[in-house]
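Peer 1: Pasting run-v8.csv here (CSV, C-alpha atoms and all ligand atoms):
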chain,number,residue,atom,x,y,z
N,649,MET,CA,-35.7,195.8,-33.3
N,650,ARG,CA,-38.0,198.8,-32.7
N,651,LYS,CA,-40.3,197.6,-35.6
N,652,PHE,CA,-40.7,194.3,-33.9
N,653,TRP,CA,-42.2,195.9,-30.8
N,654,LYS,CA,-44.6,197.9,-32.8
N,655,TYR,CA,-45.8,194.9,-34.7
N,656,PHE,CA,-46.3,192.8,-31.6
N,657,ILE,CA,-48.1,195.5,-29.7
N,658,LEU,CA,-50.5,196.1,-32.6
N,659,VAL,CA,-51.3,192.4,-33.1
N,660,THR,CA,-51.7,191.8,-29.4
N,661,LEU,CA,-54.2,194.7,-29.1
N,662,LEU,CA,-56.3,193.3,-31.9
N,663,GLY,CA,-56.2,189.9,-30.3
N,664,ALA,CA,-57.4,191.4,-27.0
N,665,LEU,CA,-60.7,192.4,-28.5
N,666,MET,CA,-61.5,188.7,-29.1
N,667,CYS,CA,-60.6,187.4,-25.7
N,668,THR,CA,-63.3,185.8,-23.6
N,669,ALA,CA,-63.8,186.7,-19.9
N,670,ALA,CA,-61.4,185.2,-17.5
N,671,PHE,CA,-62.8,183.7,-14.3
N,672,ALA,CA,-61.2,183.4,-10.9
N,673,VAL,CA,-59.6,180.1,-10.2
N,674,ASP,CA,-58.4,178.3,-7.1
N,675,GLU,CA,-55.0,177.6,-8.4
N,676,PRO,CA,-53.0,178.9,-11.4
N,677,THR,CA,-54.1,177.4,-14.7
N,678,PHE,CA,-53.0,177.8,-18.2
N,679,THR,CA,-55.7,177.5,-20.8
N,680,GLY,CA,-56.3,178.0,-24.5
N,681,PHE,CA,-53.0,176.5,-25.6
N,682,ASP,CA,-52.2,173.9,-28.3
N,683,GLU,CA,-51.2,170.7,-26.5
N,684,GLU,CA,-49.2,169.6,-29.5
N,685,THR,CA,-46.8,172.5,-29.4
N,686,THR,CA,-47.0,174.0,-26.0
N,687,GLU,CA,-46.3,172.5,-22.6
N,688,PHE,CA,-47.1,174.4,-19.4
N,689,THR,CA,-45.9,173.4,-16.0
N,690,LEU,CA,-46.2,175.0,-12.6
N,691,ASP,CA,-43.5,174.4,-10.0
N,692,GLY,CA,-44.3,172.9,-6.6
N,693,ASP,CA,-44.7,176.1,-4.7
N,694,GLY,CA,-46.5,178.0,-7.4
N,695,GLU,CA,-43.8,180.6,-7.9
N,696,LYS,CA,-42.9,180.1,-11.5
N,697,PHE,CA,-44.2,178.6,-14.7
N,698,GLU,CA,-42.3,176.8,-17.3
N,699,VAL,CA,-43.7,177.3,-20.8
N,700,THR,CA,-42.1,175.1,-23.6
N,701,TYR,CA,-43.0,175.8,-27.2
N,702,THR,CA,-42.0,173.5,-29.9
N,703,GLY,CA,-43.8,175.1,-32.8
N,704,ALA,CA,-41.2,177.8,-33.5
N,705,THR,CA,-39.1,177.8,-36.7
N,706,SER,CA,-35.6,176.6,-35.9
N,707,GLY,CA,-33.3,179.6,-35.5
N,708,GLN,CA,-36.2,182.0,-34.9
N,709,TYR,CA,-35.6,184.5,-32.1
N,710,LEU,CA,-38.4,184.4,-29.7
N,711,ILE,CA,-39.9,187.0,-27.4
N,712,LEU,CA,-42.4,186.3,-24.6
N,713,MET,CA,-45.0,189.0,-23.9
N,714,VAL,CA,-47.5,189.1,-21.2
N,715,ALA,CA,-50.6,191.2,-21.2
N,716,GLU,CA,-52.4,191.8,-17.9
N,717,GLY,CA,-56.1,192.2,-17.7
N,718,THR,CA,-59.4,190.9,-16.5
N,719,ASP,CA,-62.7,190.1,-18.3
N,720,GLY,CA,-60.9,189.8,-21.6
N,721,ALA,CA,-59.5,193.4,-21.5
N,722,TYR,CA,-55.8,192.9,-22.0
N,723,THR,CA,-53.5,195.8,-21.9
N,724,ILE,CA,-50.0,195.9,-23.4
N,725,THR,CA,-47.5,198.3,-21.8
N,726,ASP,CA,-43.7,198.4,-21.6
N,727,GLU,CA,-43.9,196.3,-18.5
N,728,SER,CA,-46.0,193.8,-20.4
N,729,ILE,CA,-42.9,192.5,-22.0
N,730,MET,CA,-41.8,190.3,-19.2
N,731,TYR,CA,-39.1,188.3,-20.7
N,732,VAL,CA,-36.9,188.3,-23.8
N,733,ASN,CA,-35.3,185.1,-24.8
N,734,GLN,CA,-32.0,185.8,-26.5
N,735,ASP,CA,-31.5,182.2,-27.5
N,736,ALA,CA,-32.8,181.1,-30.8
N,737,ALA,CA,-35.2,178.2,-31.0
N,738,THR,CA,-33.9,174.8,-31.9
N,739,GLU,CA,-35.7,171.8,-33.3
N,740,ASP,CA,-36.4,170.9,-29.6
N,741,GLY,CA,-38.3,174.2,-29.2
N,742,VAL,CA,-37.7,176.9,-26.7
N,743,SER,CA,-38.6,177.2,-23.0
N,744,PHE,CA,-39.4,180.2,-20.8
N,745,THR,CA,-39.6,180.6,-17.1
N,746,VAL,CA,-42.4,183.0,-16.1
N,747,TYR,CA,-42.5,184.6,-12.7
N,748,PRO,CA,-46.1,185.7,-12.3
N,749,THR,CA,-45.8,188.1,-9.3
N,750,LYS,CA,-47.9,190.9,-10.8
N,751,MET,CA,-49.7,189.0,-13.5
N,752,VAL,CA,-53.4,188.7,-13.4
N,753,ASN,CA,-55.2,186.6,-15.9
N,754,ALA,CA,-52.4,187.1,-18.3
N,755,LYS,CA,-52.3,186.4,-22.0
N,756,ILE,CA,-48.9,184.9,-23.0
N,757,MET,CA,-47.6,185.4,-26.5
N,758,LEU,CA,-44.5,184.4,-28.3
N,759,GLY,CA,-43.1,186.1,-31.3
N,760,GLY,CA,-40.0,187.3,-33.2
N,761,GLY,CA,-37.7,186.7,-36.0
N,762,THR,CA,-39.4,186.0,-39.3
N,763,GLY,CA,-42.6,184.7,-37.7
N,764,GLY,CA,-45.5,186.6,-36.3
N,765,PRO,CA,-46.6,186.4,-32.7
N,766,VAL,CA,-48.2,183.2,-31.5
N,767,THR,CA,-50.6,183.2,-28.7
N,768,LEU,CA,-49.5,180.4,-26.4
N,769,GLY,CA,-52.4,180.6,-24.0
N,770,TYR,CA,-54.0,182.3,-21.1
N,771,LEU,CA,-52.6,182.2,-17.6
N,772,GLU,CA,-55.3,182.6,-14.9
N,773,MET,CA,-53.8,183.6,-11.6
N,774,PRO,CA,-55.0,182.4,-8.2
N,775,VAL,CA,-57.3,184.4,-6.1
N,776,PRO,CA,-56.5,184.7,-2.3
N,777,ASP,CA,-57.2,181.4,-0.6
N,778,VAL,CA,-59.7,182.7,1.9
N,779,THR,CA,-62.0,180.8,4.2
N,780,VAL,CA,-64.8,183.0,5.5
N,781,ASP,CA,-66.6,182.0,8.7
N,782,VAL,CA,-69.7,184.1,9.3
N,783,MET,CA,-70.1,184.2,13.1
N,784,ASP,CA,-73.9,184.5,13.2
N,785,THR,CA,-76.3,181.7,13.6
N,786,THR,CA,-79.4,183.8,12.9
N,787,GLY,CA,-78.5,184.5,9.3
N,788,THR,CA,-78.7,188.2,9.7
N,789,VAL,CA,-75.1,188.8,8.6
N,790,SER,CA,-74.7,188.6,4.8
N,791,ALA,CA,-71.1,188.2,3.7
N,792,GLU,CA,-70.1,187.4,0.2
N,793,ILE,CA,-66.8,187.3,-1.7
N,794,SER,CA,-66.8,189.1,-5.0
N,795,ALA,CA,-66.6,187.0,-8.2
N,796,ASP,CA,-63.0,187.8,-8.7
N,797,GLY,CA,-62.1,186.9,-5.1
N,798,SER,CA,-60.7,190.3,-4.3
N,799,THR,CA,-63.4,191.8,-2.1
N,800,LEU,CA,-65.6,190.7,0.8
N,801,VAL,CA,-68.9,192.5,0.9
N,802,VAL,CA,-70.7,192.5,4.3
N,803,GLU,CA,-74.3,193.7,4.8
N,804,ASN,CA,-76.0,193.9,8.2
N,805,ASP,CA,-78.1,196.4,10.2
N,806,GLN,CA,-75.7,196.1,13.1
N,807,ALA,CA,-72.0,197.0,13.0
N,808,CYS,CA,-69.8,194.1,12.0
N,809,VAL,CA,-66.1,193.4,12.1
N,810,VAL,CA,-64.1,191.4,9.7
N,811,LEU,CA,-61.2,189.7,11.4
N,812,TYR,CA,-58.5,187.4,10.2
N,813,THR,CA,-56.0,185.0,11.8
N,814,THR,CA,-52.9,183.3,10.4
N,815,ASP,CA,-52.0,181.4,13.6
N,816,GLY,CA,-55.1,179.3,14.1
N,817,GLY,CA,-56.9,181.8,16.3
N,818,GLU,CA,-54.2,182.9,18.8
N,819,THR,CA,-54.3,186.4,17.4
N,820,TYR,CA,-56.7,188.4,15.2
N,821,GLU,CA,-56.3,191.5,13.0
N,822,ALA,CA,-59.2,193.5,11.7
N,823,LEU,CA,-59.6,194.5,8.0
N,824,GLU,CA,-60.5,198.1,7.2
N,825,ALA,CA,-64.1,198.7,6.0
N,826,THR,CA,-65.1,200.9,3.1
N,827,LYS,CA,-68.8,202.0,3.1
N,828,ASN,CA,-70.8,201.5,-0.1
N,829,ASP,CA,-73.7,203.6,-1.3
N,830,ASP,CA,-76.2,200.9,-0.5
N,831,GLY,CA,-75.1,200.7,3.1
N,832,SER,CA,-73.0,197.5,2.8
N,833,TYR,CA,-69.3,197.5,3.5
N,834,ASN,CA,-66.3,196.3,1.4
N,835,TYR,CA,-63.2,194.7,2.7
N,836,ASP,CA,-60.1,194.3,0.5
N,837,LEU,CA,-59.1,190.7,0.6
N,838,THR,CA,-56.0,191.3,-1.5
N,839,GLN,CA,-54.3,192.7,1.7
N,840,LEU,CA,-54.6,189.3,3.4
N,841,PRO,CA,-51.6,187.2,4.0
N,842,ALA,CA,-51.6,183.7,2.5
N,843,GLY,CA,-53.6,181.1,4.4
N,844,ALA,CA,-55.6,183.7,6.4
N,845,GLU,CA,-58.9,182.6,7.9
N,846,VAL,CA,-61.5,185.3,8.0
N,847,THR,CA,-64.3,185.7,10.5
N,848,VAL,CA,-67.2,188.1,10.1
N,849,ALA,CA,-69.0,188.9,13.4
N,850,VAL,CA,-71.4,191.5,14.8
N,851,LYS,CA,-69.5,193.8,17.1
N,852,GLY,CA,-70.0,192.9,20.7
N,853,ASP,CA,-71.7,189.6,19.9
N,854,LEU,CA,-69.5,187.2,21.7
N,855,ASN,CA,-71.4,184.0,21.0
N,856,GLY,CA,-72.2,184.6,17.4
N,857,ASP,CA,-76.0,184.5,17.6
N,858,GLY,CA,-76.3,187.9,15.9
N,859,LYS,CA,-77.4,189.9,19.0
N,860,ILE,CA,-75.6,191.7,21.8
N,861,SER,CA,-77.1,190.4,25.0
N,862,ALA,CA,-77.0,192.1,28.4
N,863,LEU,CA,-74.9,189.2,29.7
N,864,GLU,CA,-72.3,189.6,26.9
N,865,ALA,CA,-72.2,193.4,27.6
N,866,ARG,CA,-71.6,192.7,31.3
N,867,ARG,CA,-68.8,190.2,30.4
N,868,ILE,CA,-67.2,192.8,28.2
N,869,LEU,CA,-67.4,195.3,31.0
N,870,LEU,CA,-65.7,192.9,33.4
N,871,ALA,CA,-63.1,192.1,30.8
N,872,SER,CA,-62.3,195.8,30.4
N,873,ASN,CA,-61.4,195.9,34.1
N,874,GLY,CA,-59.4,192.7,33.9
N,875,ASN,CA,-62.1,190.7,35.8
N,876,TYR,CA,-63.1,188.4,33.0
N,877,GLU,CA,-61.1,186.6,30.3
N,878,LEU,CA,-62.3,186.8,26.7
N,879,THR,CA,-60.9,184.6,24.0
N,880,ALA,CA,-58.7,186.3,21.4
N,881,LEU,CA,-61.6,186.2,19.0
N,882,GLN,CA,-64.1,187.6,21.5
N,883,GLN,CA,-61.6,190.3,22.5
N,884,ALA,CA,-61.3,191.4,18.8
N,885,ILE,CA,-65.1,191.3,18.4
N,886,ALA,CA,-65.6,193.5,21.5
N,887,ASP,CA,-63.0,196.1,20.4
N,888,GLU,CA,-65.4,198.7,18.9
N,889,ASN,CA,-62.8,201.2,17.7
N,890,GLY,CA,-60.1,198.6,16.7
N,891,ASP,CA,-57.3,200.0,18.9
N,892,GLY,CA,-56.5,196.5,20.3
N,893,LYS,CA,-58.1,197.1,23.7
N,894,VAL,CA,-61.6,196.8,25.1
N,895,SER,CA,-62.2,200.0,27.1
N,896,ALA,CA,-64.7,200.6,29.9
N,897,LEU,CA,-66.4,203.1,27.6
N,898,GLU,CA,-66.8,200.5,24.8
N,899,ALA,CA,-68.2,198.1,27.4
N,900,ARG,CA,-70.8,200.6,28.7
N,901,ARG,CA,-71.8,201.3,25.1
N,902,TYR,CA,-72.4,197.6,24.6
N,903,LEU,CA,-74.7,197.6,27.7
N,904,LEU,CA,-76.7,200.4,26.0
N,905,ALA,CA,-76.6,198.5,22.7
N,906,SER,CA,-78.0,195.4,24.4
N,907,ASN,CA,-81.1,197.5,25.3
N,908,GLY,CA,-81.3,199.1,21.8
N,909,ASN,CA,-80.0,202.4,23.0
N,910,TYR,CA,-76.8,202.6,21.1
N,911,ASP,CA,-75.5,201.5,17.7
N,912,PRO,CA,-71.9,200.5,17.7
N,913,ALA,CA,-69.8,202.0,14.9
N,914,TRP,CA,-68.5,200.0,11.9
U,1,CA,CA,-74.9,187.2,21.3
U,2,CA,CA,-61.1,199.6,21.8
Represent the structure of the file as structure tokens.

Peer 2:
Amino acid sequence: MRKFWKYFILVTLLGALMCTAAFAVDEPTFTGFDEETTEFTLDGDGEKFEVTYTGATSGQYLILMVAEGTDGAYTITDESIMYVNQDAATEDGVSFTVYPTKMVNAKIMLGGGTGGPVTLGYLEMPVPDVTVDVMDTTGTVSAEISADGSTLVVENDQACVVLYTTDGGETYEALEATKNDDGSYNYDLTQLPAGAEVTVAVKGDLNGDGKISALEARRILLASNGNYELTALQQAIADENGDGKVSALEARRYLLASNGNYDPAW
């Protein structure tokens, strides 16, 4: 049995050098398979995949292996071997259920018995389903999702906040920012819950025109004393330090910012 593992791992690594780049997709897809011998289906809620292969030699023991990787760089580790089918193939073929929790752009192979490994195809996993709404009508906020869908990059000369809601705007949470060398900020989208809607806004800019006006700053000051009601989104936009409250200090800073005498912090 030990020999088998070595053989599969060697062949799979050689195969990895020839893989083409995998691209982010909206929903899971299975590509590069032979339609005559391989059938691939995704269940209704996208939790598992059924792979049926009819090209195996009858009586052959089959082992399913999954290599994780992106951009064609597939890596085989002990964890790569996701499933071992102890049933021999019959003339009807053999089926596997794949639970893709940790699989990213996986290469799925099948092998064992007297036959060598067979590449069944490539499973491309979904990227987070994110809708980004940039709250800025002036076009000064630049916000882009990276090619693999995992990161939101925001660039602006004023401090911005990246907020998300999962309840249609009743409550908002802020994503943590990581500063890049070029002055832009990264936000990790893989931390988002499914179905999250993301809003990018300039901090303190309640109406989304890209500027903090004196009127907005005064409203934030009134809100900090309980004398004005901000929407949940505005409240989150006005919360400079992200502690869930708009303080009088933050409001006074926005007054200074509206005159160009203060730069709110990212
Ligand atoms: Ca404004
Ligand atoms: Ca605060």

Peer 1: Please identify every residue of chain N that has at least one atom no farther than 6 Å from an atom of ligand CA 2 (chain U), counting all atoms listed in the file, and for each give the shortest atom pair and the distance in Å to one decimal, arranged by chain then increasing number, as CSV.

Peer 2:
residue,atom,partner,partner_atom,distance
N:Asp887,CA,U:CA2,CA,4.2
N:Glu888,CA,U:CA2,CA,5.3
N:Asn889,CA,U:CA2,CA,4.7
N:Gly890,CA,U:CA2,CA,5.3
N:Asp891,CA,U:CA2,CA,4.8
N:Gly892,CA,U:CA2,CA,5.7
N:Lys893,CA,U:CA2,CA,4.3
N:Val894,CA,U:CA2,CA,4.4
N:Ser895,CA,U:CA2,CA,5.4

Peer 1: Generate a file of the selected residues that holds C-alpha atoms, formatted as an mmCIF file, in the frame of the given file.

Peer 2:
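Output saved as selection_4.cif:
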data_model
loop_
_atom_site.group_PDB
_atom_site.id
_atom_site.type_symbol
_atom_site.label_atom_id
_atom_site.label_comp_id
_atom_site.auth_asym_id
_atom_site.auth_seq_id
_atom_site.Cartn_x
_atom_site.Cartn_y
_atom_site.Cartn_z
ATOM 1 C CA ASP N 887 -63.000 196.100 20.400
ATOM 2 C CA GLU N 888 -65.400 198.700 18.900
ATOM 3 C CA ASN N 889 -62.800 201.200 17.700
ATOM 4 C CA GLY N 890 -60.100 198.600 16.700
ATOM 5 C CA ASP N 891 -57.300 200.000 18.900
ATOM 6 C CA GLY N 892 -56.500 196.500 20.300
ATOM 7 C CA LYS N 893 -58.100 197.100 23.700
ATOM 8 C CA VAL N 894 -61.600 196.800 25.100
ATOM 9 C CA SER N 895 -62.200 200.000 27.100
#

Peer 1: Excluding Gly817 (chain N) and any residue of its chain fewer than 3 positions from it, enumerate the residues within 12 Å of it, using only C-alpha atoms, and give them as a list in words.

Peer 2: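 Listing them by chain and then by number gives Leu811, Tyr812, Thr813, Thr814, Tyr820, Glu821, Ala844, Glu845, Val846, Thr847, Thr879, Ala880, Leu881, Gln882, Gln883 and Ala884 of chain N.
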
Peer 1: For C-alpha atoms, I'd like the residues from the last selection saved as a PDB file, in the coordinates of the input.

Peer 2:
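Saved result, result.pdb, follows:
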ATOM      1  CA  LEU N 811     -61.200 189.700  11.400  1.00  0.00           C
ATOM      2  CA  TYR N 812     -58.500 187.400  10.200  1.00  0.00           C
ATOM      3  CA  THR N 813     -56.000 185.000  11.800  1.00  0.00           C
ATOM      4  CA  THR N 814     -52.900 183.300  10.400  1.00  0.00           C
ATOM      5  CA  TYR N 820     -56.700 188.400  15.200  1.00  0.00           C
ATOM      6  CA  GLU N 821     -56.300 191.500  13.000  1.00  0.00           C
ATOM      7  CA  ALA N 844     -55.600 183.700   6.400  1.00  0.00           C
ATOM      8  CA  GLU N 845     -58.900 182.600   7.900  1.00  0.00           C
ATOM      9  CA  VAL N 846     -61.500 185.300   8.000  1.00  0.00           C
ATOM     10  CA  THR N 847     -64.300 185.700  10.500  1.00  0.00           C
ATOM     11  CA  THR N 879     -60.900 184.600  24.000  1.00  0.00           C
ATOM     12  CA  ALA N 880     -58.700 186.300  21.400  1.00  0.00           C
ATOM     13  CA  LEU N 881     -61.600 186.200  19.000  1.00  0.00           C
ATOM     14  CA  GLN N 882     -64.100 187.600  21.500  1.00  0.00           C
ATOM     15  CA  GLN N 883     -61.600 190.300  22.500  1.00  0.00           C
ATOM     16  CA  ALA N 884     -61.300 191.400  18.800  1.00  0.00           C
TER      17      ALA N 884
END

Peer 1: Using all atoms listed in the file, I'd like a table of the residues in chain N that come within 12 Å of ligand CA 1 (chain U); for each, show the closest atom pair and its distance in Å rounded to one decimal, ordered by chain and ascending number, as CSV.

Peer 2:
residue,atom,partner,partner_atom,distance
N:Met783,CA,U:CA1,CA,10.0
N:Asp784,CA,U:CA1,CA,8.6
N:Thr785,CA,U:CA1,CA,9.6
N:Thr786,CA,U:CA1,CA,10.1
N:Ala849,CA,U:CA1,CA,10.0
N:Val850,CA,U:CA1,CA,8.5
N:Lys851,CA,U:CA1,CA,9.5
N:Gly852,CA,U:CA1,CA,7.5
N:Asp853,CA,U:CA1,CA,4.2
N:Leu854,CA,U:CA1,CA,5.4
N:Asn855,CA,U:CA1,CA,4.8
N:Gly856,CA,U:CA1,CA,5.4
N:Asp857,CA,U:CA1,CA,4.7
N:Gly858,CA,U:CA1,CA,5.6
N:Lys859,CA,U:CA1,CA,4.3
N:Ile860,CA,U:CA1,CA,4.6
N:Ser861,CA,U:CA1,CA,5.4
N:Ala862,CA,U:CA1,CA,8.9
N:Leu863,CA,U:CA1,CA,8.6
N:Glu864,CA,U:CA1,CA,6.6
N:Ala865,CA,U:CA1,CA,9.2
N:Arg866,CA,U:CA1,CA,11.9
N:Arg867,CA,U:CA1,CA,11.4
N:Ile868,CA,U:CA1,CA,11.8
N:Gln882,CA,U:CA1,CA,10.8
N:Ile885,CA,U:CA1,CA,11.0
N:Ala886,CA,U:CA1,CA,11.2
N:Tyr902,CA,U:CA1,CA,11.2
N:Ala905,CA,U:CA1,CA,11.5
N:Ser906,CA,U:CA1,CA,9.3

Peer 1: Produce the centre coordinates and the three edge lengths, each in Å to one decimal, of the box along x, y and z that contains all listed atoms of region 848-863 of chain N with 4 Å added on each side, as JSON.

Peer 2:
{"center_x": -72.3, "center_y": 188.9, "center_z": 19.9, "size_x": 18.2, "size_y": 17.8, "size_z": 27.6}

Peer 1: May I ask which of the residues N:Leu903, N:Gly787, N:Ala795, N:Leu690 is the closest one to Phe678 (chain N), counting all atoms listed in the file?

Peer 2: N:Leu690

Peer 1: Give the answer as one residue: which of N:Thr700, N:Thr767, N:Ala896, N:Gln806 has the shortest atom-to-atom distance to Leu869 (chain N), using all atoms listed in the file?

Peer 2: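 Closest to Leu869 (chain N) of all the choices is N:Ala896.
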
Peer 1: Pick the closest to Val746 (chain N) from N:Thr779, N:Thr689, N:Thr826, N:Thr799: which is it, counting all atoms listed in the file?

Peer 2: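 Closest to Val746 (chain N), using all atoms listed in the file: N:Thr689.
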